[in-house]
Every structure is written in C-alpha cells, then in structure tokens.
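This is model09.tsv (TSV, C-alpha atoms).
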chain	number	residue	atom	x	y	z
G	1	MET	CA	-5.29	-13.92	-5.21
G	2	ASP	CA	-5.84	-12.41	-8.66
G	3	ALA	CA	-3.34	-11.42	-11.34
G	4	LEU	CA	-2.72	-7.92	-10.05
G	5	VAL	CA	-2.22	-9.14	-6.51
G	6	SER	CA	0.18	-11.76	-7.82
G	7	LEU	CA	2.12	-9.04	-9.60
G	8	LEU	CA	2.86	-7.47	-6.25
G	9	ASP	CA	4.02	-10.82	-4.88
G	10	GLY	CA	6.61	-10.77	-7.65
G	11	PRO	CA	8.17	-7.39	-8.40
G	12	ARG	CA	6.61	-5.85	-5.32
G	13	ALA	CA	8.08	-2.56	-4.19
G	14	ARG	CA	10.54	-3.34	-1.42
G	15	GLY	CA	12.76	-0.36	-0.82
G	16	ALA	CA	11.91	0.84	-4.31
G	17	PHE	CA	13.79	3.75	-5.79
G	18	LEU	CA	11.51	6.79	-5.69
G	19	LEU	CA	12.56	10.22	-6.84
G	20	ARG	CA	11.14	13.65	-7.49
G	21	VAL	CA	12.94	15.12	-10.50
G	22	VAL	CA	12.89	18.88	-11.03
G	23	MET	CA	14.28	20.19	-14.30
G	24	GLU	CA	14.63	23.38	-16.33
G	25	PRO	CA	15.14	23.02	-20.11
G	26	PRO	CA	17.24	22.02	-21.83
G	27	TRP	CA	17.62	18.66	-20.10
G	28	SER	CA	17.90	15.02	-21.06
G	29	VAL	CA	18.57	11.91	-18.97
G	30	ARG	CA	19.55	8.56	-20.45
G	31	ILE	CA	18.14	5.60	-18.44
G	32	GLU	CA	20.31	2.48	-18.63
G	33	ASP	CA	19.68	1.01	-15.17
G	34	ARG	CA	18.13	-2.23	-16.52
G	35	ALA	CA	15.33	-2.01	-13.94
G	36	PRO	CA	12.41	-4.32	-14.75
G	37	LEU	CA	9.74	-1.66	-14.34
G	38	CYS	CA	9.60	2.11	-13.94
G	39	VAL	CA	6.50	4.27	-13.36
G	40	MET	CA	6.74	7.94	-14.35
G	41	THR	CA	4.14	10.66	-13.89
G	42	MET	CA	4.23	14.40	-14.46
G	43	ALA	CA	3.31	16.64	-11.56
G	44	ARG	CA	4.15	19.86	-13.42
G	45	GLY	CA	5.33	20.84	-16.87
G	46	GLU	CA	6.07	18.45	-19.73
G	47	ALA	CA	8.55	15.74	-20.66
G	48	TRP	CA	9.20	13.24	-23.43
G	49	VAL	CA	9.98	9.55	-22.94
G	50	VAL	CA	11.98	8.33	-25.93
G	51	PRO	CA	12.60	4.57	-26.34
G	52	ASP	CA	15.38	3.30	-28.57
G	53	GLU	CA	12.73	1.58	-30.67
G	54	GLY	CA	9.13	2.67	-31.11
G	55	GLU	CA	7.38	5.99	-30.78
G	56	GLU	CA	8.25	8.59	-28.18
G	57	VAL	CA	5.61	9.58	-25.63
G	58	ARG	CA	4.80	13.12	-24.48
G	59	LEU	CA	3.80	13.49	-20.84
G	60	ARG	CA	1.81	16.40	-19.46
G	61	PRO	CA	0.56	16.98	-15.88
G	62	GLY	CA	-1.48	13.99	-14.74
G	63	ASP	CA	-0.18	11.70	-17.47
G	64	VAL	CA	1.62	8.50	-16.57
G	65	ALA	CA	4.00	6.14	-18.37
G	66	ILE	CA	5.41	2.71	-17.58
G	67	ALA	CA	8.72	1.61	-19.05
G	68	ARG	CA	9.34	-2.14	-18.96
G	69	GLY	CA	13.03	-3.01	-18.73
G	70	PRO	CA	15.68	-3.87	-19.33
G	71	ASP	CA	15.75	-1.86	-22.57
G	72	PRO	CA	17.21	1.67	-22.21
G	73	TYR	CA	15.32	4.88	-22.97
G	74	THR	CA	15.71	8.64	-22.63
G	75	VAL	CA	13.61	11.17	-20.70
G	76	ALA	CA	13.99	14.77	-21.86
G	77	ASP	CA	12.39	18.16	-22.35
G	78	ASP	CA	12.49	17.50	-26.10
G	79	PRO	CA	13.25	14.35	-28.14
G	80	ALA	CA	16.04	16.25	-29.90
G	81	THR	CA	17.91	17.19	-26.70
G	82	ALA	CA	21.09	15.14	-26.33
G	83	PRO	CA	21.57	13.24	-23.04
G	84	ARG	CA	23.42	15.17	-20.33
G	85	ALA	CA	23.19	12.53	-17.59
G	86	TRP	CA	23.20	8.74	-17.54
G	87	ILE	CA	21.43	6.57	-14.93
G	88	LEU	CA	23.19	3.22	-14.59
G	89	PRO	CA	22.57	0.08	-12.48
G	90	GLY	CA	23.02	0.58	-8.76
G	91	GLU	CA	21.50	4.10	-8.82
G	92	VAL	CA	24.71	5.46	-10.37
G	93	CYS	CA	24.31	8.84	-12.07
G	94	ARG	CA	27.10	10.34	-14.17
G	95	THR	CA	27.95	12.43	-17.20
G	96	ALA	CA	29.21	11.04	-20.51
G	97	ASP	CA	32.74	11.62	-19.18
G	98	GLY	CA	32.09	9.63	-16.01
G	99	VAL	CA	31.66	12.53	-13.60
G	100	ASP	CA	29.39	11.58	-10.70
G	101	LEU	CA	26.24	13.71	-10.57
G	102	ALA	CA	24.47	12.21	-7.56
G	103	GLU	CA	25.46	14.98	-5.15
G	104	ALA	CA	25.89	17.75	-7.71
G	105	MET	CA	22.21	17.52	-8.69
G	106	ALA	CA	20.78	16.66	-5.26
G	107	LEU	CA	18.03	19.11	-4.31
G	108	GLY	CA	16.79	17.68	-1.02
G	109	VAL	CA	15.00	14.58	0.26
G	110	ARG	CA	14.43	12.26	-2.73
G	111	THR	CA	14.67	15.28	-5.01
G	112	TRP	CA	17.10	15.60	-7.89
G	113	GLY	CA	17.50	17.90	-10.86
G	114	ASN	CA	19.26	20.86	-12.46
G	115	SER	CA	17.16	23.60	-10.85
G	116	PRO	CA	15.15	23.77	-7.61
G	117	ASP	CA	12.64	26.00	-9.41
G	118	GLY	CA	12.56	24.08	-12.68
G	119	SER	CA	9.45	24.23	-14.83
G	120	ALA	CA	9.10	20.43	-15.04
G	121	THR	CA	8.53	18.10	-12.09
G	122	MET	CA	8.35	14.35	-12.59
G	123	LEU	CA	7.68	11.65	-9.99
G	124	ILE	CA	9.50	8.39	-10.66
G	125	GLY	CA	9.15	5.00	-8.99
G	126	THR	CA	11.43	2.14	-10.02
G	127	TYR	CA	11.04	-1.54	-9.20
G	128	GLN	CA	14.57	-2.84	-8.94
G	129	LEU	CA	14.05	-6.62	-8.66
G	130	ASP	CA	12.64	-9.08	-11.17
G	131	GLY	CA	9.99	-11.49	-9.98
G	132	GLU	CA	8.69	-14.65	-11.59
G	133	ILE	CA	5.09	-14.38	-10.41
G	134	GLY	CA	4.59	-11.06	-12.16
G	135	GLY	CA	6.28	-12.38	-15.27
G	136	ARG	CA	3.05	-13.38	-16.98
G	137	LEU	CA	1.65	-9.92	-16.43
G	138	LEU	CA	4.81	-8.00	-17.24
G	139	ASP	CA	5.31	-9.98	-20.45
G	140	ALA	CA	1.90	-8.74	-21.58
G	141	LEU	CA	3.01	-5.10	-21.34
G	142	PRO	CA	4.62	-3.20	-24.22
G	143	PRO	CA	8.13	-1.79	-23.65
G	144	LEU	CA	6.53	1.61	-23.11
G	145	LEU	CA	2.91	2.42	-22.35
G	146	ALA	CA	1.31	5.73	-21.51
G	147	LEU	CA	-2.06	6.99	-20.30
G	148	ASP	CA	-3.09	10.59	-20.39
G	149	ARG	CA	-5.03	12.01	-17.45
G	150	GLY	CA	-8.32	11.58	-19.32
G	151	MET	CA	-7.83	7.79	-19.56
G	152	TRP	CA	-7.58	7.08	-15.85
G	153	ASP	CA	-8.72	8.48	-12.56
G	154	CYS	CA	-6.29	8.14	-9.69
G	155	PRO	CA	-6.14	10.34	-6.57
G	156	LEU	CA	-2.74	8.94	-5.57
G	157	MET	CA	-0.44	11.28	-7.47
G	158	PRO	CA	-0.86	14.35	-5.23
G	159	TRP	CA	-0.42	12.11	-2.20
G	160	LEU	CA	2.71	10.54	-3.68
G	161	GLY	CA	4.04	14.02	-4.46
G	162	GLU	CA	3.62	15.02	-0.83
G	163	GLU	CA	5.04	11.82	0.66
G	164	ILE	CA	8.04	11.45	-1.61
G	165	VAL	CA	9.84	14.41	-0.05
G	166	LYS	CA	9.18	13.43	3.58
G	167	ASP	CA	11.82	11.84	5.78
G	168	GLU	CA	9.84	10.29	8.61
G	169	PRO	CA	9.80	6.92	10.41
G	170	GLY	CA	8.33	4.23	8.18
G	171	GLN	CA	8.49	6.45	5.13
G	172	GLU	CA	10.03	3.80	2.92
G	173	ALA	CA	7.12	1.43	3.56
G	174	VAL	CA	4.59	4.21	2.88
G	175	LEU	CA	6.21	5.02	-0.45
G	176	ASP	CA	6.46	1.36	-1.45
G	177	ARG	CA	2.76	0.83	-0.91
G	178	LEU	CA	1.83	4.04	-2.71
G	179	LEU	CA	3.90	2.92	-5.69
G	180	ASP	CA	2.18	-0.48	-5.68
G	181	LEU	CA	-1.24	1.17	-5.62
G	182	LEU	CA	-0.28	3.55	-8.39
G	183	LEU	CA	0.92	0.66	-10.53
G	184	ILE	CA	-2.29	-1.31	-9.97
G	185	SER	CA	-4.36	1.72	-10.94
G	186	VAL	CA	-2.39	2.22	-14.14
G	187	LEU	CA	-2.55	-1.45	-15.12
G	188	ARG	CA	-6.30	-1.63	-14.51
G	189	ALA	CA	-6.82	1.35	-16.76
G	190	TRP	CA	-4.41	0.05	-19.40
G	191	PHE	CA	-5.85	-3.45	-19.66
G	192	SER	CA	-9.37	-2.04	-19.98
G	193	ARG	CA	-8.36	-0.43	-23.29
G	194	PRO	CA	-8.75	-2.36	-26.58
G	195	GLU	CA	-5.22	-1.56	-27.76
G	196	ALA	CA	-3.76	-3.20	-24.67
G	197	HIS	CA	-4.40	-6.75	-25.96
G	198	ALA	CA	-4.78	-8.07	-22.42
G	199	PRO	CA	-3.72	-11.72	-22.09
G	200	GLY	CA	-6.43	-14.36	-22.04
G	201	TRP	CA	-6.03	-15.25	-18.37
G	202	TYR	CA	-6.47	-11.58	-17.42
G	203	ARG	CA	-9.66	-11.20	-19.44
G	204	ALA	CA	-10.89	-14.53	-18.11
G	205	LEU	CA	-10.88	-13.20	-14.55
G	206	GLY	CA	-14.14	-11.46	-15.40
G	207	ASP	CA	-15.85	-14.71	-16.37
G	208	PRO	CA	-18.05	-16.05	-13.52
G	209	VAL	CA	-16.85	-19.64	-14.01
G	210	VAL	CA	-13.29	-19.41	-15.31
G	211	GLY	CA	-12.51	-16.39	-13.15
G	212	ARG	CA	-13.44	-18.35	-10.04
G	213	ALA	CA	-11.37	-21.31	-11.21
G	214	LEU	CA	-8.36	-19.08	-11.79
G	215	ARG	CA	-8.63	-17.53	-8.35
G	216	LEU	CA	-8.89	-20.96	-6.73
G	217	LEU	CA	-5.73	-22.14	-8.49
G	218	GLN	CA	-3.83	-18.95	-7.75
G	219	SER	CA	-4.82	-18.69	-4.10
G	220	ASN	CA	-4.16	-22.33	-3.19
G	221	PRO	CA	-1.64	-23.89	-5.56
G	222	ALA	CA	-0.64	-26.54	-3.02
G	223	HIS	CA	-4.10	-28.13	-3.14
G	224	PRO	CA	-4.26	-31.40	-5.16
G	225	TRP	CA	-6.44	-29.87	-7.83
G	226	THR	CA	-8.11	-31.87	-10.58
G	227	VAL	CA	-10.39	-30.69	-13.34
G	228	ALA	CA	-13.23	-32.55	-11.61
G	229	GLY	CA	-12.48	-30.80	-8.33
G	230	LEU	CA	-12.41	-27.39	-9.97
G	231	ALA	CA	-15.64	-28.15	-11.82
G	232	ALA	CA	-17.35	-29.04	-8.54
G	233	GLU	CA	-16.16	-25.78	-6.98
G	234	THR	CA	-17.39	-23.70	-9.91
G	235	GLY	CA	-20.72	-25.49	-10.37
G	236	VAL	CA	-20.28	-26.76	-13.93
G	237	SER	CA	-19.42	-30.07	-15.53
G	238	ARG	CA	-15.83	-31.16	-15.97
G	239	ALA	CA	-16.12	-31.03	-19.76
G	240	ALA	CA	-17.72	-27.58	-19.68
G	241	LEU	CA	-15.02	-26.17	-17.41
G	242	ALA	CA	-12.17	-27.66	-19.44
G	243	ARG	CA	-13.63	-26.35	-22.69
G	244	ARG	CA	-14.39	-22.84	-21.43
G	245	PHE	CA	-11.12	-22.50	-19.51
G	246	THR	CA	-9.06	-23.49	-22.55
G	247	GLU	CA	-11.07	-21.19	-24.80
G	248	LEU	CA	-10.65	-18.12	-22.59
G	249	VAL	CA	-7.20	-18.66	-21.05
G	250	GLY	CA	-5.52	-20.34	-24.01
G	251	GLU	CA	-4.42	-23.49	-22.16
G	252	PRO	CA	-6.13	-26.24	-20.12
G	253	PRO	CA	-6.60	-25.80	-16.36
G	254	MET	CA	-3.89	-28.24	-15.30
G	255	ALA	CA	-1.36	-26.74	-17.74
G	256	TYR	CA	-2.09	-23.31	-16.28
G	257	LEU	CA	-1.69	-24.70	-12.75
G	258	THR	CA	1.68	-26.20	-13.62
G	259	GLY	CA	2.93	-22.89	-14.98
G	260	TRP	CA	1.61	-21.05	-11.94
G	261	ARG	CA	3.22	-23.48	-9.50
G	262	LEU	CA	6.59	-23.30	-11.22
G	263	ALA	CA	6.45	-19.50	-11.37
G	264	LEU	CA	5.76	-19.46	-7.64
G	265	ALA	CA	8.62	-21.89	-7.07
G	266	ALA	CA	11.01	-19.81	-9.16
G	267	ASP	CA	10.25	-16.73	-7.09
G	268	LEU	CA	10.52	-18.56	-3.77
G	269	LEU	CA	13.85	-20.09	-4.79
G	270	ARG	CA	15.34	-16.61	-4.95
G	271	ASP	CA	15.37	-16.59	-1.16
G	272	PRO	CA	18.24	-18.81	0.05
G	273	GLU	CA	16.39	-19.46	3.32
G	274	HIS	CA	13.75	-21.49	1.46
G	275	THR	CA	14.84	-25.10	1.03
G	276	LEU	CA	13.83	-26.98	-2.09
G	277	ALA	CA	11.66	-29.32	-0.01
G	278	ALA	CA	9.87	-26.39	1.62
G	279	VAL	CA	9.27	-24.74	-1.74
G	280	ALA	CA	7.92	-28.01	-3.12
G	281	ARG	CA	5.36	-28.21	-0.31
G	282	ARG	CA	4.35	-24.58	-0.78
G	283	VAL	CA	3.56	-25.04	-4.47
G	284	GLY	CA	1.92	-28.46	-4.45
G	285	TYR	CA	4.66	-30.97	-5.22
G	286	GLY	CA	5.02	-34.03	-3.03
G	287	SER	CA	8.79	-33.93	-2.85
G	288	ALA	CA	11.85	-31.91	-3.80
G	289	PHE	CA	12.57	-34.53	-6.47
G	290	ALA	CA	9.13	-34.08	-8.07
G	291	LEU	CA	9.55	-30.31	-8.15
G	292	SER	CA	13.06	-30.59	-9.58
G	293	ALA	CA	11.89	-32.88	-12.36
G	294	ALA	CA	8.99	-30.60	-13.32
G	295	PHE	CA	11.11	-27.47	-13.07
G	296	LYS	CA	13.84	-28.84	-15.31
G	297	ARG	CA	11.34	-30.25	-17.80
G	298	GLU	CA	9.48	-26.96	-18.19
G	299	ARG	CA	12.33	-24.46	-17.76
G	300	GLY	CA	15.37	-26.30	-19.01
G	301	LEU	CA	17.42	-25.94	-15.84
G	302	SER	CA	17.35	-27.33	-12.34
G	303	PRO	CA	16.08	-25.36	-9.33
G	304	ARG	CA	19.65	-25.21	-8.05
G	305	ALA	CA	20.89	-23.72	-11.33
G	306	HIS	CA	17.99	-21.25	-11.34
G	307	ARG	CA	18.90	-20.15	-7.82
G	308	GLU	CA	22.51	-19.60	-8.85
G	309	VAL	CA	21.78	-17.46	-11.91
G	310	THR	CA	19.01	-15.22	-10.55
G	311	PRO	CA	19.48	-12.26	-8.19
G	312	ARG	CA	18.28	-12.64	-4.62
G	313	HIS	CA	15.73	-10.48	-2.78

Let's see the structure in the file written out as structure tokens.
Amino acid sequence: MDALVSLLDGPRARGAFLLRVVMEPPWSVRIEDRAPLCVMTMARGEAWVVPDEGEEVRLRPGDVAIARGPDPYTVADDPATAPRAWILPGEVCRTADGVDLAEAMALGVRTWGNSPDGSATMLIGTYQLDGEIGGRLLDALPPLLALDRGMWDCPLMPWLGEEIVKDEPGQEAVLDRLLDLLLISVLRAWFSRPEAHAPGWYRALGDPVVGRALRLLQSNPAHPWTVAGLAAETGVSRAALARRFTELVGEPPMAYLTGWRLALAADLLRDPEHTLAAVARRVGYGSAFALSAAFKRERGLSPRAHREVTPRH
C-alpha cells in the first residue's frame, strides 16, 4: 500500500457528490459546504475559482483544480461577478435570501445550472467525509491547486463526462471509482512538479531502500516491526536504514510507524462496529489499553473521545 492508495482508504469516494454544472454568464456560486476535498474540471468554456485568500485560478477546457476544505471559495464566470447561489453543508443550495435552488436549477440527471445550453460546463466531484489515513497527504496540498491540460495527461475526463449523466444500476460505484482515479492522476501530476513541495515520505517512495521500507510498514502495520527487521527486509544495515529513512522521510522508522498506526486507528474508530480491541489488533497494538495509551499520548484525547467528536462513515 503506497501513499496514494492510502489516500483512498481515507477520504475514499463512497457515494460522493458528483455534478455536471452548465452555466451561461453571468454566474457565480459560493461554496461553503465544508467538504474536505473537491475536484473540478472544465469540459467546455471557462470558469474562475476564487479562494477567500490567495490567487484566483482560471480554468479552461481540460484544466483541473482541487480545493481542499473546509475553507470556502467561489466559482464564477468572472472573479468580479457577485455570488448568486450558495452551496451549504448537506448539499443545500439557496440564494442569499434563503430560497431553495435545488429544483429550480435542476437540468436532468446529476446536471444543474442556469441554462441547459450554457457556454460553460464544469464537472465536479466532492469527497464529503474526512479520513485520517489521507490526512498526511491532504495536509501536503495547498488550499487550492490547479493544473492546466498541458501539465497532465488523463483520458478519464471524457469518460466521466459521459458517465455522470447516466442513471443505470451500479452507477454510483462507477462514478466513485472514476473520481478516485481522477484524483490519483491529478495528485501524481501535481507532486511531480517542483512547486508542489511534496512531503518527504512521498518523495522517499521512489528510493529503492526507503521506499520499500515505507511500503512494508504501510501494508502490514500489525507486524511487530523493528529497525533490524526492516533492515533485513531491505538488504541494508540497521544503521544505514535508520540514517537514510530519517534523512528522506524526516523522522525515524519507528516514529513513522507509530504515526501510521494511530492514523489507521483513528480512521477505523469512526466505524462504531469496530471495537477498540479489534482496532488495536488491526494496527499492531497488543491490547486496547496499549492503543489507548499511545493514542492519548500522541493525540491528546482518548480513542473514545475521538470516536465521539468525529463524524461516522
């Protein structure tokens, strides 16, 4: 399991909100849904994504942007156009006066806008649940990133455009997986760019020694790993592995493993069907007590308190 796979074990698209938006200028939509992640791509025409802080981004056909929540932003035909619709948590859409726009602007299956023949068509996919496993990756993203069509090569957008308006058996699962694949493609392209400042553990995945060690830790966190055991698996000395791992990742192997285990535990605890003892076994702790002690030491609250304050899947 590598970092991008782990992302999809965190905020993985499960019944994600996907929408085809068709607009004719002037138009402006204020996004205040607090979603953790939103992927936007232009199929036709142009749009601007305007964050409350930072530079606005212009999107043309084939361009893609990712907005990392929960900060609000505006999507419009022009940065100067005042918002005419607000998107709020729970897929609520209304005017400034509180008038519901969900049905008034419905244009068909997963299609919404102010004109069925509008000059701008945007495809939007929104991840609606936070996830701890993806936290390390999501924290490395800026609030708003964009790639123009010359920076990445992805054949998924036409396919997504075709599938998003279908209403067939299993369609939700098809769209979820397409959104996941689109997100992976964008993140691969983004982290390959120098301005992305990819985190150390992501860059280290390309190292033949440390990358293998990372994958071993990520794929089998319940194993009783030691630095000596990892060194034997990667074919180097214990001292060499510890030195290189710390240099590339920014923390020693066992510190990384602890963080990984607790991130896994935090995500698993969101499901009330997982007992604390079962979670402890899954992530490599010998007992519920041992997990509780480590969790509280590192995160400042008990697993029970974490379960109470975080939304469930």

Exercise. Residues at most 9 Å from G:Leu276, counting only C-alpha atoms, excluding those fewer than 2 positions away in the same chain, as a list in words?
Worked result: Ala265, Leu269, His274, Ala278, Val279, Ala280, Arg281, Ser287, Ala288, Phe289, Leu291, Ser292, Pro303 and Arg304 of chain G

Write the selection just made, keeping C-alpha atoms, as a PDB file, in the frame of the given file?
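Written file, result_1.pdb:
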ATOM      1  CA  ALA G 265       8.620 -21.890  -7.070  1.00  0.00           C
ATOM      2  CA  LEU G 269      13.850 -20.090  -4.790  1.00  0.00           C
ATOM      3  CA  HIS G 274      13.750 -21.490   1.460  1.00  0.00           C
ATOM      4  CA  ALA G 278       9.870 -26.390   1.620  1.00  0.00           C
ATOM      5  CA  VAL G 279       9.270 -24.740  -1.740  1.00  0.00           C
ATOM      6  CA  ALA G 280       7.920 -28.010  -3.120  1.00  0.00           C
ATOM      7  CA  ARG G 281       5.360 -28.210  -0.310  1.00  0.00           C
ATOM      8  CA  SER G 287       8.790 -33.930  -2.850  1.00  0.00           C
ATOM      9  CA  ALA G 288      11.850 -31.910  -3.800  1.00  0.00           C
ATOM     10  CA  PHE G 289      12.570 -34.530  -6.470  1.00  0.00           C
ATOM     11  CA  LEU G 291       9.550 -30.310  -8.150  1.00  0.00           C
ATOM     12  CA  SER G 292      13.060 -30.590  -9.580  1.00  0.00           C
ATOM     13  CA  PRO G 303      16.080 -25.360  -9.330  1.00  0.00           C
ATOM     14  CA  ARG G 304      19.650 -25.210  -8.050  1.00  0.00           C
TER      15      ARG G 304
END

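When all atoms listed in the file are used to measure the gap to G:Met157, the shortest distance among G:Val29, G:Thr275, G:Thr74, G:Gly125 belongs to G:Gly125.
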
For this session: To one decimal in Å, tell me the separation between atom CA of G:Pro143 and atom CA of G:Leu262.
Result: 24.9 Å

Around stretch 200-217 of chain G, fit a box with edges along x, y and z, padding it by 5 Å on each side, then list its centre and edge lengths in Å to one decimal as AutoDock Vina command-line options.
--center_x -11.9 --center_y -16.7 --center_z -14.4 --size_x 22.3 --size_y 20.9 --size_z 25.3

For this session: Between atom CA of G:Ala120 and atom CA of G:Val64, measure the distance and give it in Å to one decimal.
Result: 14.2 Å

Exercise. Contacts of stretch 91-102 of chain G at 9 Å or less, counting only C-alpha atoms, minus same-chain residues fewer than 4 places along, as a ChimeraX atom specification?
Worked result: /G:17,33,83-87,106,112

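Atom to atom, atom CA of G:Glu233 and atom CA of G:Leu187 stand 29.0 Å apart.
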
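Closest approach to G:Ala198 among G:Asp148, G:Asp167, G:Glu247, G:Leu137: G:Leu137, based on only C-alpha atoms.
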
Exercise. Which residues, written as a list of chain:residue names, have at least one atom at most 8 Å from stretch 75-81 of chain G, with only C-alpha atoms counted and residues fewer than 3 positions away on the same chain left out?
Worked result: G:Pro25, G:Pro26, G:Trp27, G:Ser28, G:Val29, G:Arg30, G:Ile31, G:Glu46, G:Ala47, G:Trp48, G:Val49, G:Val50, G:Glu56

Problem set entry | Selected residue, from G:Ala140, G:Ala16, G:Ala228, G:Ala290, that lies nearest to G:Val174 when counting all atoms listed in the file | G:Ala16

For this session: Can you pull out every residue within 10 Å of G:His197, counting all atoms listed in the file, but drop anything in the same chain fewer than 5 positions away, and send it as a list in words?
Result: Ala140, Leu141, Pro142, Trp190, Phe191, Ser192 and Arg203 of chain G

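Nearest residue to G:Ser115, choosing from G:Val165, G:Val21, G:Ala43, G:Ile184 and counting only C-alpha atoms: G:Val21.
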
Problem set entry | Selected residue of minimal separation from G:Ala35 among G:Gly90, G:Gly286, G:Pro199, G:Gly235, counting only C-alpha atoms | G:Gly90
